[in-house]
$ cat target_19.txt   # compact mmCIF, C-alpha atoms
# COMPACT_ATOMS: atom_id res chain seq x y z
CA MET A 300 -66.47 173.63 -13.02
CA LEU A 301 -63.13 174.58 -11.46
CA ASP A 302 -64.48 178.05 -10.68
CA ILE A 303 -67.25 176.41 -8.65
CA ALA A 304 -64.73 174.18 -6.87
CA ASN A 305 -62.46 177.10 -6.00
CA LYS A 306 -65.41 179.12 -4.71
CA VAL A 307 -66.28 176.24 -2.35
CA LEU A 308 -62.71 176.21 -1.06
CA GLU A 309 -62.94 179.90 -0.28
CA TYR A 310 -66.05 179.33 1.82
CA ALA A 311 -64.50 176.37 3.62
CA SER A 312 -61.01 177.77 4.23
CA GLY A 313 -62.48 180.84 5.88
CA ARG A 314 -63.58 178.64 8.79
CA GLU A 315 -60.11 177.55 9.98
CA VAL A 316 -60.15 174.01 8.61
CA GLU A 317 -56.89 172.17 8.02
CA GLN A 318 -57.78 170.78 4.61
CA ALA A 319 -60.70 171.14 2.22
CA GLU A 320 -61.70 169.48 -1.05
CA ALA A 321 -64.43 170.19 -3.59
CA TYR A 322 -65.61 167.53 -6.04
CA VAL A 323 -67.84 168.95 -8.77
CA SER A 324 -69.60 166.84 -11.39
CA ARG A 325 -72.04 167.43 -14.21
CA SER A 326 -73.65 164.62 -16.21
CA ARG A 327 -76.27 163.90 -18.83
CA SER A 328 -77.63 160.52 -19.87
CA THR A 329 -80.07 159.25 -22.48
CA SER A 330 -81.61 155.81 -22.82
CA ILE A 331 -83.72 154.47 -25.67
CA ARG A 332 -85.63 151.21 -25.71
CA VAL A 333 -87.53 149.85 -28.70
CA TYR A 334 -90.05 147.04 -28.94
CA ARG A 335 -91.35 145.73 -32.25
CA ARG A 336 -89.63 148.65 -33.99
CA GLU A 337 -91.55 151.23 -31.97
CA VAL A 338 -89.91 153.48 -29.38
CA ASP A 339 -91.06 152.00 -26.09
CA GLU A 340 -89.06 154.36 -23.87
CA LEU A 341 -86.91 157.45 -24.32
CA LEU A 342 -85.48 158.97 -21.15
CA SER A 343 -83.03 161.81 -20.67
CA ASN A 344 -81.57 162.88 -17.34
CA SER A 345 -79.07 165.52 -16.33
CA GLY A 346 -77.67 166.69 -13.05
CA SER A 347 -74.86 168.56 -11.39
CA GLY A 348 -73.64 169.10 -7.88
CA VAL A 349 -70.70 169.42 -5.54
CA GLY A 350 -69.39 167.29 -2.69
CA ILE A 351 -67.36 169.04 0.00
CA ARG A 352 -64.91 167.26 2.30
CA VAL A 353 -63.10 169.05 5.12
CA ILE A 354 -60.50 167.88 7.64
CA SER A 355 -60.43 169.60 11.00
CA GLY A 356 -58.64 168.35 14.10
CA GLY A 357 -58.08 164.97 12.46
CA SER A 358 -61.81 164.55 11.82
CA ALA A 359 -63.48 164.46 8.43
CA GLY A 360 -66.78 166.09 7.57
CA TYR A 361 -68.72 165.74 4.34
CA ALA A 362 -71.70 167.46 2.75
CA TYR A 363 -73.09 167.81 -0.76
CA THR A 364 -75.55 169.94 -2.67
CA SER A 365 -77.07 170.36 -6.11
CA ASP A 366 -77.65 174.06 -5.37
CA LEU A 367 -74.70 175.75 -7.08
CA SER A 368 -75.68 179.28 -6.12
CA ASP A 369 -73.33 181.19 -3.83
CA GLU A 370 -75.75 180.69 -0.95
CA GLY A 371 -76.05 176.96 -1.64
CA LEU A 372 -72.28 176.47 -1.80
CA ALA A 373 -71.69 178.45 1.40
CA ARG A 374 -74.39 176.48 3.22
CA ALA A 375 -72.93 173.10 2.13
CA ALA A 376 -69.42 174.15 3.17
CA ALA A 377 -70.74 175.11 6.61
CA GLU A 378 -72.53 171.74 6.90
CA ALA A 379 -69.31 169.86 6.09
CA ILE A 380 -67.46 171.80 8.79
CA ASP A 381 -70.24 171.16 11.32
CA ASN A 382 -70.18 167.45 10.47
CA ALA A 383 -66.41 167.30 11.09
CA ALA A 384 -67.00 168.78 14.55
CA VAL A 385 -69.10 165.76 15.59
CA THR A 386 -66.95 163.08 13.93
CA ALA A 387 -64.31 161.12 15.85
CA PRO A 388 -60.68 161.87 14.88
CA ASP A 389 -58.89 159.28 12.75
CA GLU A 390 -55.13 159.30 12.30
CA PHE A 391 -55.45 158.01 8.72
CA THR A 392 -57.86 160.71 7.58
CA GLY A 393 -56.56 163.33 5.15
CA LEU A 394 -56.31 164.39 1.53
CA PRO A 395 -53.65 162.95 -0.81
CA SER A 396 -50.52 164.90 -1.68
CA PRO A 397 -51.01 166.58 -5.06
CA ALA A 398 -49.43 164.89 -8.08
CA THR A 399 -48.02 166.62 -11.16
CA GLU A 400 -48.08 163.89 -13.84
CA PHE A 401 -51.23 162.37 -15.30
CA ALA A 402 -51.98 160.09 -18.25
CA GLY A 403 -53.07 161.88 -21.41
CA LEU A 404 -56.41 160.23 -22.11
CA ASP A 405 -58.86 161.10 -24.88
CA LEU A 406 -62.13 160.06 -23.24
CA TYR A 407 -64.51 162.56 -24.85
CA ASN A 408 -65.94 162.14 -28.33
CA ASP A 409 -67.96 165.00 -29.86
CA LYS A 410 -69.81 162.58 -32.14
CA LEU A 411 -71.91 161.35 -29.22
CA GLN A 412 -73.51 164.78 -28.90
CA GLN A 413 -73.59 165.45 -32.64
CA THR A 414 -75.37 162.22 -33.61
CA PRO A 415 -79.12 162.91 -34.03
CA VAL A 416 -81.52 161.10 -31.71
CA GLY A 417 -83.16 159.56 -34.78
CA GLU A 418 -79.94 157.73 -35.64
CA LYS A 419 -79.66 156.41 -32.11
CA ILE A 420 -83.22 155.10 -32.33
CA GLU A 421 -82.35 153.38 -35.61
CA LEU A 422 -79.33 151.80 -33.91
CA ALA A 423 -81.59 150.25 -31.27
CA ARG A 424 -83.96 149.11 -34.03
CA SER A 425 -81.08 147.50 -35.91
CA VAL A 426 -80.18 145.49 -32.81
CA GLU A 427 -83.75 144.20 -32.54
CA ALA A 428 -84.03 143.47 -36.28
CA ALA A 429 -80.75 141.54 -36.38
CA ALA A 430 -81.90 139.32 -33.53
CA LEU A 431 -85.30 138.64 -35.09
CA ASP A 432 -83.81 137.97 -38.54
CA TYR A 433 -81.23 135.52 -37.21
CA ASP A 434 -83.59 132.55 -36.93
CA ARG A 435 -87.35 132.01 -37.21
CA ARG A 436 -87.32 130.52 -33.71
CA VAL A 437 -86.39 133.93 -32.26
CA ALA A 438 -89.94 134.90 -31.36
CA GLN A 439 -89.30 138.08 -29.42
CA VAL A 440 -86.68 140.57 -28.33
CA GLU A 441 -87.42 141.34 -24.71
CA GLN A 442 -85.04 144.30 -24.66
CA ALA A 443 -83.29 146.23 -27.40
CA ALA A 444 -81.75 149.32 -25.90
CA TYR A 445 -79.26 152.10 -26.50
CA SER A 446 -77.80 154.11 -23.62
CA GLU A 447 -75.29 156.96 -23.44
CA SER A 448 -73.74 159.30 -20.92
CA GLN A 449 -71.59 162.41 -20.83
CA ALA A 450 -69.82 163.60 -17.72
CA GLU A 451 -67.46 166.30 -16.58
CA VAL A 452 -65.56 166.14 -13.28
CA ALA A 453 -63.49 168.78 -11.52
CA ILE A 454 -61.60 168.45 -8.23
CA ALA A 455 -59.79 171.17 -6.30
CA ASN A 456 -58.33 171.12 -2.79
CA THR A 457 -56.39 173.36 -0.46
CA LEU A 458 -53.18 171.37 -1.04
CA GLY A 459 -52.93 172.85 -4.54
CA PHE A 460 -54.68 170.26 -6.71
CA ALA A 461 -57.05 171.62 -9.38
CA ARG A 462 -57.90 169.59 -12.49
CA SER A 463 -60.87 168.47 -14.56
CA TYR A 464 -61.73 166.03 -17.36
CA ARG A 465 -64.64 165.09 -19.64
CA GLU A 466 -65.79 161.69 -20.85
CA THR A 467 -68.43 160.06 -23.02
CA SER A 468 -69.61 156.46 -23.23
CA CYS A 469 -72.42 154.49 -24.84
CA TYR A 470 -73.60 150.93 -25.29
CA ALA A 471 -76.27 148.84 -26.93
CA PHE A 472 -77.84 145.85 -25.19
CA THR A 473 -80.29 143.18 -26.19
CA MET A 474 -82.04 140.14 -24.75
CA ALA A 475 -83.42 137.73 -27.34
CA ILE A 476 -85.99 135.00 -26.66
CA ALA A 477 -86.10 131.78 -28.68
CA LEU A 478 -89.16 129.50 -28.59
CA GLN A 479 -89.60 125.90 -29.73
CA ASP A 480 -92.24 123.34 -28.72
CA GLY A 481 -93.22 125.38 -25.68
CA GLU A 482 -89.62 125.78 -24.51
CA MET A 483 -88.13 129.23 -24.05
CA GLN A 484 -84.43 130.20 -23.95
CA THR A 485 -82.80 133.62 -23.69
CA GLY A 486 -79.53 135.14 -24.84
CA VAL A 487 -77.94 138.53 -24.14
CA SER A 488 -75.24 140.66 -25.71
CA PHE A 489 -73.53 144.06 -25.35
CA THR A 490 -71.54 146.38 -27.57
CA THR A 491 -69.71 149.39 -26.09
CA GLY A 492 -67.94 152.54 -27.26
CA ARG A 493 -67.53 156.29 -26.76
CA GLU A 494 -69.87 157.31 -29.59
CA PRO A 495 -72.64 155.52 -31.52
CA GLY A 496 -70.50 154.92 -34.61
CA GLN A 497 -68.30 152.57 -32.59
CA LEU A 498 -71.20 150.24 -31.77
CA ASP A 499 -71.97 147.17 -33.88
CA GLY A 500 -75.71 146.84 -33.42
CA ARG A 501 -76.12 144.02 -35.92
CA ALA A 502 -73.45 141.86 -34.30
CA CYS A 503 -74.99 142.54 -30.89
CA GLY A 504 -78.42 141.35 -32.01
CA ARG A 505 -77.11 138.28 -33.79
CA GLU A 506 -74.97 137.19 -30.84
CA ALA A 507 -77.90 137.36 -28.42
CA ALA A 508 -80.10 135.42 -30.84
CA ALA A 509 -77.43 132.80 -31.46
CA LYS A 510 -77.05 132.18 -27.73
CA ALA A 511 -80.79 131.78 -27.26
CA VAL A 512 -81.25 129.44 -30.24
CA SER A 513 -78.25 127.30 -29.32
CA LEU A 514 -79.79 126.42 -25.95
CA LEU A 515 -83.10 125.15 -27.37
CA GLY A 516 -83.58 121.51 -26.40
CA ALA A 517 -81.24 121.86 -23.44
CA SER A 518 -81.60 119.53 -20.44
CA GLN A 519 -79.62 118.45 -17.42
CA CYS A 520 -76.48 116.43 -18.01
CA GLU A 521 -75.08 113.86 -15.64
CA SER A 522 -72.99 115.11 -12.73
CA MET A 523 -69.30 115.03 -13.51
CA THR A 524 -65.89 116.47 -12.77
CA CYS A 525 -64.37 117.73 -15.98
CA PRO A 526 -62.61 120.58 -17.79
CA VAL A 527 -64.80 123.69 -18.06
CA VAL A 528 -64.51 126.36 -20.75
CA MET A 529 -65.97 129.74 -19.75
CA ASP A 530 -67.42 132.25 -22.20
CA PRO A 531 -66.05 135.82 -21.71
CA PHE A 532 -69.40 136.88 -20.17
CA VAL A 533 -69.01 134.16 -17.53
CA THR A 534 -65.34 134.98 -16.96
CA ALA A 535 -66.30 138.63 -16.44
CA GLY A 536 -68.79 137.73 -13.72
CA LEU A 537 -66.17 135.78 -11.78
CA ILE A 538 -63.54 138.49 -12.27
CA GLY A 539 -65.99 140.98 -10.78
CA VAL A 540 -66.24 138.88 -7.61
CA ILE A 541 -62.46 138.42 -7.47
CA GLY A 542 -61.88 142.16 -7.93
CA SER A 543 -63.99 143.01 -4.89
CA ALA A 544 -61.65 140.84 -2.78
CA LEU A 545 -58.47 142.46 -4.12
CA THR A 546 -58.76 145.75 -2.22
CA GLY A 547 -56.70 146.78 0.78
CA GLU A 548 -59.88 147.63 2.67
CA SER A 549 -61.34 144.14 2.23
CA VAL A 550 -58.09 142.63 3.56
CA GLN A 551 -57.98 145.06 6.50
CA LYS A 552 -61.55 144.12 7.42
CA GLN A 553 -60.78 140.39 7.00
CA ARG A 554 -63.27 140.10 4.17
CA SER A 555 -60.94 138.83 1.46
CA LEU A 556 -60.05 135.31 0.45
CA PHE A 557 -56.64 136.68 -0.65
CA ALA A 558 -55.61 137.92 2.80
CA GLY A 559 -52.09 136.76 3.67
CA LEU A 560 -51.38 135.38 0.19
CA GLU A 561 -49.30 138.23 -1.26
CA SER A 562 -46.32 136.95 -3.34
CA ARG A 563 -47.84 133.47 -3.37
CA GLN A 564 -49.22 131.42 -6.26
CA VAL A 565 -52.99 131.93 -6.36
CA ALA A 566 -53.74 131.09 -10.01
CA GLY A 567 -52.41 129.16 -12.99
CA THR A 568 -49.15 130.48 -14.41
CA GLY A 569 -50.88 131.68 -17.57
CA PHE A 570 -53.26 133.97 -15.70
CA SER A 571 -52.49 137.66 -15.15
CA LEU A 572 -54.90 140.35 -13.94
CA VAL A 573 -54.37 144.12 -13.76
CA ASP A 574 -56.47 147.06 -12.73
CA ASP A 575 -56.00 149.41 -15.68
CA GLY A 576 -57.36 152.86 -14.96
CA ILE A 577 -55.72 154.41 -18.03
CA HIS A 578 -56.79 152.06 -20.83
CA PRO A 579 -58.22 154.24 -23.64
CA GLU A 580 -61.16 151.87 -24.20
CA GLY A 581 -61.97 151.23 -20.56
CA LEU A 582 -65.34 152.66 -19.57
CA ALA A 583 -64.01 153.44 -16.08
CA SER A 584 -60.79 155.10 -17.28
CA ALA A 585 -59.93 158.60 -16.04
CA PRO A 586 -56.75 160.66 -15.65
CA PHE A 587 -57.29 160.76 -11.88
CA ASP A 588 -59.56 159.09 -9.35
CA GLY A 589 -62.22 160.60 -7.10
CA GLU A 590 -59.55 162.10 -4.84
CA GLY A 591 -57.29 163.53 -7.55
CA VAL A 592 -54.73 160.70 -7.42
CA PRO A 593 -53.41 159.71 -10.88
CA THR A 594 -54.87 156.45 -12.14
CA GLN A 595 -52.47 153.76 -13.34
CA GLN A 596 -51.96 150.13 -14.25
CA THR A 597 -51.79 148.16 -11.02
CA PRO A 598 -50.69 144.50 -11.30
CA LEU A 599 -52.88 142.29 -9.12
CA ILE A 600 -51.99 138.78 -10.27
CA LYS A 601 -48.97 138.18 -12.53
CA ASN A 602 -48.30 134.73 -13.97
CA GLY A 603 -50.49 133.36 -11.21
CA VAL A 604 -48.69 135.15 -8.35
CA LEU A 605 -50.58 137.66 -6.18
CA GLN A 606 -48.80 141.02 -6.53
CA GLY A 607 -50.78 143.23 -4.14
CA PHE A 608 -54.02 145.10 -3.60
CA LEU A 609 -55.89 148.25 -4.61
CA TYR A 610 -55.91 151.30 -2.33
CA ASP A 611 -57.48 154.69 -1.94
CA THR A 612 -55.72 157.28 0.23
CA TYR A 613 -57.31 156.17 3.51
CA SER A 614 -56.79 152.40 3.16
CA GLY A 615 -53.28 152.97 1.79
CA ARG A 616 -52.27 154.95 4.87
CA LYS A 617 -53.55 152.16 7.09
CA ASP A 618 -51.16 149.77 5.35
CA GLY A 619 -48.33 152.31 5.10
CA CYS A 620 -48.44 152.61 1.32
CA ALA A 621 -49.60 155.07 -1.34
CA SER A 622 -52.96 155.11 -3.04
CA THR A 623 -53.07 153.16 -6.31
CA GLY A 624 -55.52 155.67 -7.79
CA ASN A 625 -58.58 153.65 -6.81
CA GLY A 626 -60.59 156.16 -4.81
CA ILE A 627 -63.96 155.61 -6.51
CA ARG A 628 -66.89 158.01 -6.39
CA GLY A 629 -70.28 157.14 -7.82
CA SER A 630 -71.38 160.78 -7.78
CA TYR A 631 -70.86 164.07 -6.00
CA SER A 632 -73.10 162.82 -3.19
CA ALA A 633 -70.71 159.99 -2.24
CA ILE A 634 -67.43 160.03 -0.37
CA PRO A 635 -64.49 158.14 -1.95
CA HIS A 636 -64.22 154.40 -1.40
CA VAL A 637 -61.67 151.92 -2.71
CA GLY A 638 -62.67 149.82 -5.71
CA PRO A 639 -61.47 148.61 -9.13
CA ASN A 640 -61.33 150.81 -12.22
CA ASN A 641 -61.01 148.54 -15.29
CA LEU A 642 -60.19 144.92 -14.41
CA ARG A 643 -58.31 143.45 -17.36
CA VAL A 644 -57.10 139.89 -17.95
CA GLN A 645 -53.76 140.13 -19.76
CA GLY A 646 -52.08 137.94 -22.33
CA GLY A 647 -53.89 134.97 -23.73
CA GLU A 648 -53.24 132.54 -26.54
CA GLY A 649 -55.54 130.69 -28.88
CA SER A 650 -59.07 131.39 -30.03
CA ARG A 651 -62.20 130.11 -28.35
CA ASP A 652 -62.48 127.42 -31.05
CA ASP A 653 -58.90 126.30 -30.39
CA ILE A 654 -59.56 126.07 -26.67
CA ILE A 655 -62.72 124.01 -27.18
CA ALA A 656 -60.89 121.78 -29.67
CA SER A 657 -58.29 120.98 -26.98
CA VAL A 658 -60.92 119.43 -24.68
CA GLU A 659 -61.84 115.78 -25.21
CA LYS A 660 -64.80 115.80 -22.80
CA GLY A 661 -65.98 118.79 -20.82
CA PHE A 662 -68.53 121.56 -20.39
CA PHE A 663 -68.73 124.93 -22.16
CA VAL A 664 -70.46 127.49 -19.91
CA SER A 665 -72.21 130.25 -21.85
CA GLU A 666 -74.19 131.75 -18.98
CA VAL A 667 -74.44 131.60 -15.21
CA SER A 668 -77.06 132.81 -12.74
CA GLY A 669 -76.69 133.99 -9.16
CA ILE A 670 -73.03 134.88 -9.49
CA HIS A 671 -73.16 137.65 -6.87
CA SER A 672 -75.26 135.75 -4.36
CA GLY A 673 -73.65 132.37 -5.05
CA ALA A 674 -69.98 133.41 -4.86
CA ASN A 675 -68.49 134.38 -1.49
CA ALA A 676 -65.53 136.78 -1.73
CA VAL A 677 -64.59 136.03 1.91
CA SER A 678 -64.51 132.23 1.97
CA GLY A 679 -64.03 131.80 -1.77
CA ASP A 680 -66.80 129.22 -2.00
CA PHE A 681 -69.15 129.47 -4.97
CA SER A 682 -72.11 127.59 -6.36
CA VAL A 683 -73.92 129.05 -9.36
CA GLY A 684 -76.49 127.90 -11.87
CA ALA A 685 -75.11 127.33 -15.36
CA ALA A 686 -76.13 126.64 -18.93
CA GLY A 687 -74.12 125.82 -22.03
CA HIS A 688 -73.05 122.79 -24.05
CA LEU A 689 -71.22 119.55 -23.55
CA ILE A 690 -67.83 119.33 -25.24
CA GLU A 691 -67.16 115.98 -26.90
CA SER A 692 -64.07 115.25 -28.98
CA GLY A 693 -63.27 118.96 -29.14
CA LYS A 694 -66.70 120.09 -30.37
CA LEU A 695 -69.80 121.62 -28.81
CA THR A 696 -72.63 119.10 -28.82
CA VAL A 697 -75.65 118.68 -26.53
CA PRO A 698 -77.13 121.88 -25.01
CA VAL A 699 -77.26 121.83 -21.20
CA ARG A 700 -79.24 123.79 -18.61
CA GLU A 701 -80.29 123.56 -14.95
CA VAL A 702 -76.90 122.42 -13.73
CA THR A 703 -74.63 123.88 -11.08
CA ILE A 704 -70.90 124.54 -11.13
CA ALA A 705 -69.35 124.69 -7.69
CA GLY A 706 -66.04 124.82 -5.90
CA ASP A 707 -63.82 127.48 -4.39
CA ILE A 708 -62.34 130.45 -6.20
CA LEU A 709 -58.69 129.77 -5.33
CA SER A 710 -58.88 126.17 -6.57
CA MET A 711 -60.58 127.37 -9.74
CA LEU A 712 -57.92 130.04 -10.35
CA LYS A 713 -55.11 127.54 -9.81
CA ALA A 714 -56.79 125.14 -12.26
CA ILE A 715 -56.78 127.70 -15.11
CA GLU A 716 -54.85 126.10 -17.96
CA THR A 717 -55.50 128.39 -20.93
CA VAL A 718 -56.48 132.04 -21.34
CA GLY A 719 -57.95 132.95 -24.72
CA ASP A 720 -56.96 135.82 -26.99
CA ASP A 721 -60.57 137.02 -27.40
CA CYS A 722 -60.80 139.60 -24.60
CA ARG A 723 -63.77 141.95 -24.83
CA TRP A 724 -65.14 144.76 -22.66
CA ILE A 725 -68.13 143.62 -20.64
CA PRO A 726 -69.92 146.09 -18.33
CA PHE A 727 -71.05 143.49 -15.79
CA GLY A 728 -70.67 144.85 -12.27
CA GLY A 729 -68.02 147.28 -13.44
CA SER A 730 -65.75 147.56 -16.46
CA ILE A 731 -64.11 144.21 -17.18
CA HIS A 732 -61.94 143.04 -20.09
CA ALA A 733 -62.38 139.27 -20.13
CA PRO A 734 -61.55 136.34 -22.46
CA THR A 735 -62.55 132.71 -22.87
CA VAL A 736 -60.85 130.67 -20.12
CA LEU A 737 -60.20 126.94 -19.74
CA VAL A 738 -60.33 125.59 -16.19
CA GLY A 739 -58.80 122.12 -16.09
CA LYS A 740 -61.10 120.62 -13.48
CA MET A 741 -64.44 121.67 -11.98
CA THR A 742 -67.48 119.98 -10.51
CA VAL A 743 -70.67 120.09 -12.58
CA SER A 744 -73.76 118.95 -10.67
CA GLY A 745 -76.65 117.70 -12.80
CA ARG A 746 -78.61 114.46 -12.78
$ encode --input "target_19.txt" --output "structure tokens"
Amino acid sequence: MLDIANKVLEYASGREVEQAEAYVSRSRSTSIRVYRREVDELLSNSGSGVGIRVISGGSAGYAYTSDLSDEGLARAAAEAIDNAAVTAPDEFTGLPSPATEFAGLDLYNDKLQQTPVGEKIELARSVEAAALDYDRRVAQVEQAAYSESQAEVAIANTLGFARSYRETSCYAFTMAIALQDGEMQTGVSFTTGREPGQLDGRACGREAAAKAVSLLGASQCESMTCPVVMDPFVTAGLIGVIGSALTGESVQKQRSLFAGLESRQVAGTGFSLVDDGIHPEGLASAPFDGEGVPTQQTPLIKNGVLQGFLYDTYSGRKDGCASTGNGIRGSYSAIPHVGPNNLRVQGGEGSRDDIIASVEKGFFVSEVSGIHSGANAVSGDFSVGAAGHLIESGKLTVPVREVTIAGDILSMLKAIETVGDDCRWIPFGGSIHAPTVLVGKMTVSGR
């Protein structure tokens, strides 16, 4: 991989460019889906390629190719140089200064490759079986799937950076359907790891089934303003929206509800959020980002106070600060852009049951719909469909559906009273480590 990167640099540097960078990646993925114990789908994909970025006269040019022959690499390097020639100069354009210290992360597990496909199929089957065995009202499992990926990344540039890393990840997912008297309810669940042995397929299936069954008989409740307890899946969805507004680029483009609020109280004092690019369990962890900048733990909100924002090299230079190691690349065909790595809610006290027990009358939200279309990261306004249960005298009672929770994100954050100790990794719109959360006051719109 590094040999390929260095060969690209030779082709590019021979054309009198100021800086050049080669990003090489190789990946393989497999997905398995079962239905009624039969393999419904088994797909395997692999790919490799190189992205080439050059800086010439203050202008950046980019090109990519999956042709890794000498001719293909030389042609892509020439295209990147030609593209720089027709791009307007930008004073903030340039590669990052090379670093020397990186986190020692063990992100690759040989067992993912060594585990036979048959065992992975049985894992998906176990997810489906656990859901169907949970309750006779679970009539169908719409999806029971296993998915895995392996990747290798290498980056080299003319400033002296040359490093690579490997990673593996896998997950199981299921969607269970419960039926009763013509009514249908669904429940979903995930389990994640770096190799199949780390996945709990049975727990995944049972959790999805339990969610579906618990909502049978649900109906609208009366409109009210009350405490709201959010399931970790719901918390993760909101954290994903918040994370997109906590980048330097979104502030610079006036697309962030947090603009101008640095060092101010934006959440309850018990709420802390970090971007943790070096957590060993984080599915987006890496020793360095898509530009070769070391990843790190970046405090975003600490005890309710906004600490700062996430930057890649370009957006950091615009604000006169260093990159936070958040130059994200989806593949070799994409240029770096700023974004979160692993968003992780820190701290927390009390179990979900303890949090529910502390509420005299409220609403437990187990699922929401339309989170990305119904939550505005610029204005902070949100209105999303919700389902769950009423909380009465500290216990979950009547199932509820077809209601809406609404408000604005800053008010919601400031109303957070308790953060649970049950954080779990949820791959919703990124890699998010989220717990149960109690918001002291929210509007629930029903009958």
$ closest_residue --input "target_19.txt" --among "A:Gly356, A:Gly649, A:Gly673, A:Gly417" --to "Val338 (chain A)" --atoms "only C-alpha atoms"
A:Gly417
$ atom_distance --input "target_19.txt" --atom1 "CA of Ala535 (chain A)" --atom2 "CA of Ser326 (chain A)"
27.0 Å
$ closest_residue --input "target_19.txt" --among "A:Asp721, A:Gln596, A:Gly516, A:Met711" --to "Val697 (chain A)" --atoms "only C-alpha atoms"
A:Gly516
$ atom_distance --input "target_19.txt" --atom1 "CA of Glu648 (chain A)" --atom2 "CA of Ile690 (chain A)"
19.7 Å
$ closest_residue --input "target_19.txt" --among "A:Gly576, A:Gly350, A:Pro526, A:Gly646" --to "Thr623 (chain A)" --atoms "all atoms listed in the file"
A:Gly576
$ closest_residue --input "target_19.txt" --among "A:Val349, A:Val604, A:Val540, A:Leu695" --to "Val677 (chain A)" --atoms "only C-alpha atoms"
A:Val540
$ closest_residue --input "target_19.txt" --among "A:Val512, A:Ala377, A:Ala398, A:Cys520" --to "Gln439 (chain A)" --atoms "only C-alpha atoms"
A:Val512
$ residues_around --input "target_19.txt" --residues "Gly459 (chain A)" --least-positions-apart "4" --cutoff "9 Å" --atoms "all atoms listed in the file" --output "number ranges by chain"
A: 396-397, 455
$ closest_residue --input "target_19.txt" --among "A:Gln413, A:Glu390, A:Ala362, A:Gly679" --to "Tyr613 (chain A)" --atoms "only C-alpha atoms"
A:Glu390
$ residues_around --input "target_19.txt" --residues "Ala359 (chain A)" --least-positions-apart "3" --cutoff "12 Å" --atoms "all atoms listed in the file" --output "count of residues only"
31
$ atom_distance --input "target_19.txt" --atom1 "CA of Gly684 (chain A)" --atom2 "CA of Gly569 (chain A)"
26.5 Å
$ residues_around --input "target_19.txt" --residues "Val307 (chain A)" --least-positions-apart "6" --cutoff "7 Å" --atoms "only C-alpha atoms" --output "list in words"
Ala321, Leu372, Ala373 and Ala376 of chain A
